[in-house]
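Student: I'd like to ask you about the structure that follows.
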Amino acid sequence: MNEYQIVTFYEFKLLEKIADLKVIREQLKDIMRETGVRGTIIIAKEGFNSTVCGTPDQITRFLPAVEDVFQTKLSCKLSLHDNAPLRKIDVKIRPEIVTLRKEVEIGLAVGTHVSADEWNSIISDDDTVVLDTRNDYEFRNGTFRRAINPGTAKFSELPEFVAENLDPAKHKKIAMFCTGGIRCEKFAPFMKKLGFETIYQLEGGILRYLEETPPEKSLWEGECFVFDERKTVDHDLKKGQGPDYSLRGANKRDRS
């Protein structure tokens with residue numbers, strides 16, 4: 001039985017400065033075919049977002065080739081599974097790499113990132129609103145202590161929840177998180193633009209927190225929903241036992 005590596009990575013980067021998106025798509029497909037890596041890569045003018053899997057040898061060959069295409073050094077999150085949870089070569093061109101449908105100045109996120117080491121003390125502060133930016137079906141498998149569930153079915157509904165429930169004059173500190181970090185990369189600057197005074201986003205998301213935080217010190221409760229055949233992962237980033245609340249045919253597109 002092989003051990004497969006599941007790797008997620010993203011970056012906000014103007015890809016049009018590198019090449020036409022259709023050219024980049026074909027380059028990425030070729031790399032996946034040549035290395036045997038499977039999964040989904042989403043590309044847009046604003047950057048890229050990906051979850052792929054392969055054997056350690058395949059991933060070792062895949063990552064440098066992708067870095068060459070994107071002209072960057074990837075920051076990856078890694079988990080392991082006995083079987084390949086992703087089986088297709090899928091490279092998609094989208095208007096956004098995560099769909100918010102709002103104009104966002106990504107640069108406003110500077111200074112909002114906090115590490116797993118800092119996270120526990122921040123969300124333990126009663127004056128801090130802890131906002132789960134994921135969807136309801138993800139929240140139901142697990143979340144952080146004190147976290148608010150916005151009850152959304154898709155990420156683009158989150159601005160409406162904020163408009164109806166949060167007030168910059170009253171809610172001075174907002175700590176937000178998502179699976180791998182990408183949704184917060186867009187939502188943190190969106191919140192700053194709305195006038196919220198202090199925004200924290202968990203750098204690397206839940207997956208990095210679980211990777212770096214010992215279970216005895218963790219404020220995570222339950223399992224973490226993931227967008228592949230594992231359905232959920234536990235605190236050791238191994239396949240979980242939780243049910244799939246997603247109705248995947250309807251919800252599988254809203255990834256982070």
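Residue numbering restarts at 1 in every chain; chains get A, B, ... in the order shown in the structure tokens, and ligands count up from 1 in that same order.
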Residues of range 11-85 of chain A within 12 Å of range 184-200 of chain A: nearest atom pair and distance (Å, one decimal) for each, counting only C-alpha atoms, sorted by chain and number, as a tab-separated table?

Tutor:
```
residue	atom	partner	partner_atom	distance
A:Glu11	CA	A:Glu185	CA	9.3
A:Phe12	CA	A:Glu185	CA	8.6
A:Glu46	CA	A:Lys186	CA	10.9
A:Gly47	CA	A:Glu185	CA	11.8
A:Asn49	CA	A:Glu185	CA	11.8
```

Student: If we count only C-alpha atoms and set the cut-off at 9 Å, which residues sit around range 35-39 of chain A, ignoring sequence neighbours fewer than 2 positions away in its own chain? Please answer as a PyMOL selection string.

Tutor: chain A and resi 30-33+41+50-55+57-59+61-62+84-91

Student: Give the answer as one residue: which of A:Thr60, A:Thr99, A:Gln241, A:Thr232 has the shortest atom-to-atom distance to Pro159 in chain A, using only C-alpha atoms?

Tutor: A:Thr99

Student: Which residues are near range 214-222 of chain A? Cut-off 6 Å, only C-alpha atoms, ignore same chain within fewer than 4 positions. Put them as a ChimeraX atom specification.

Tutor: /A:142-145

Student: Just the selected residues (N, CA and C atoms), exported as a tab-separated table (two decimals), in the first residue's frame, please.

Tutor:
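New file out-v7.tsv:
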```tsv
chain	number	residue	atom	x	y	z
A	142	GLY	N	-16.67	20.43	12.51
A	142	GLY	CA	-15.75	20.90	13.54
A	142	GLY	C	-15.43	22.36	13.36
A	143	THR	N	-15.01	23.00	14.45
A	143	THR	CA	-14.65	24.41	14.38
A	143	THR	C	-13.86	24.77	15.64
A	144	PHE	N	-13.44	26.03	15.75
A	144	PHE	CA	-12.72	26.48	16.93
A	144	PHE	C	-13.70	26.88	18.04
A	145	ARG	N	-13.26	26.71	19.25
A	145	ARG	CA	-14.03	27.13	20.41
A	145	ARG	C	-14.41	28.61	20.28
```

Student: Assign secondary structure with DSSP using the backbone only, and return the residues of range 23-114 of chain A in strand (DSSP E) as a list in words.

Tutor: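 Selection result, strand (DSSP E) within range 23-114 of chain A: Arg38, Gly39, Thr40, Ile41, Ile42, Ile43, Ala44, Gly47, Phe48, Asn49, Ser50, Thr51, Val52, Cys53, Gly54, Lys77, Leu78, Ser79, Leu80, His81, Ile89, Asp90, Val91, Lys92, Ile93, His113 and Val114 of chain A.
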
Student: Rounded to one decimal place, report the CA of Gly242 in chain A-CA of Ser121 in chain A distance in Å.

Tutor: 27.7 Å

Student: So that I can check the secondary structure, give me every residue of range 131-215 of chain A assigned helix (DSSP H, G or I) by backbone DSSP, as a PyMOL selection string.

Tutor: chain A and resi 136-139+155-165+182-194+205-212+215

Student: Quick check, in Å to one decimal: how far apart do CA of Asp82 in chain A and CA of Tyr4 in chain A lie?

Tutor: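 Straight-line distance from CA of Asp82 in chain A to CA of Tyr4 in chain A works out to 5.9 Å.
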
Student: Which of these residues is nearest to Phe9 in chain A, using only C-alpha atoms: A:Leu78, A:Val23, A:Ala65, A:Ala169?

Tutor: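 Of A:Leu78, A:Val23, A:Ala65, A:Ala169, the one nearest Phe9 in chain A, counting only C-alpha atoms, is A:Leu78.
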
Student: Tell me, as a list in words, which residues lie within 7 Å of Thr152 in chain A, counting only C-alpha atoms; anything in the same chain fewer than 6 positions away does not count.

Tutor: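 The filter keeps Asn135, Asp136 and Leu158 of chain A.
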
Student: Those same residues, written as a tab-separated table (two decimals), in the first residue's frame with N, CA and C atoms?

Tutor:
```tsv
chain	number	residue	atom	x	y	z
A	135	ASN	N	-18.36	27.42	5.16
A	135	ASN	CA	-19.79	27.22	5.00
A	135	ASN	C	-20.35	26.33	6.10
A	136	ASP	N	-21.68	26.35	6.22
A	136	ASP	CA	-22.35	25.62	7.30
A	136	ASP	C	-21.99	24.14	7.29
A	158	LEU	N	-21.06	35.46	2.56
A	158	LEU	CA	-20.51	35.95	3.83
A	158	LEU	C	-20.60	37.47	3.99
```

Student: Hey, what's within 10 Å of Cys224 in chain A if we count only C-alpha atoms and toss same-chain stuff fewer than 3 positions away? As an NGL selection string, please?

Tutor: :A and (138-143 or 178-179 or 206-207 or 210 or 220-221 or 231-235 or 237 or 239-240 or 242)
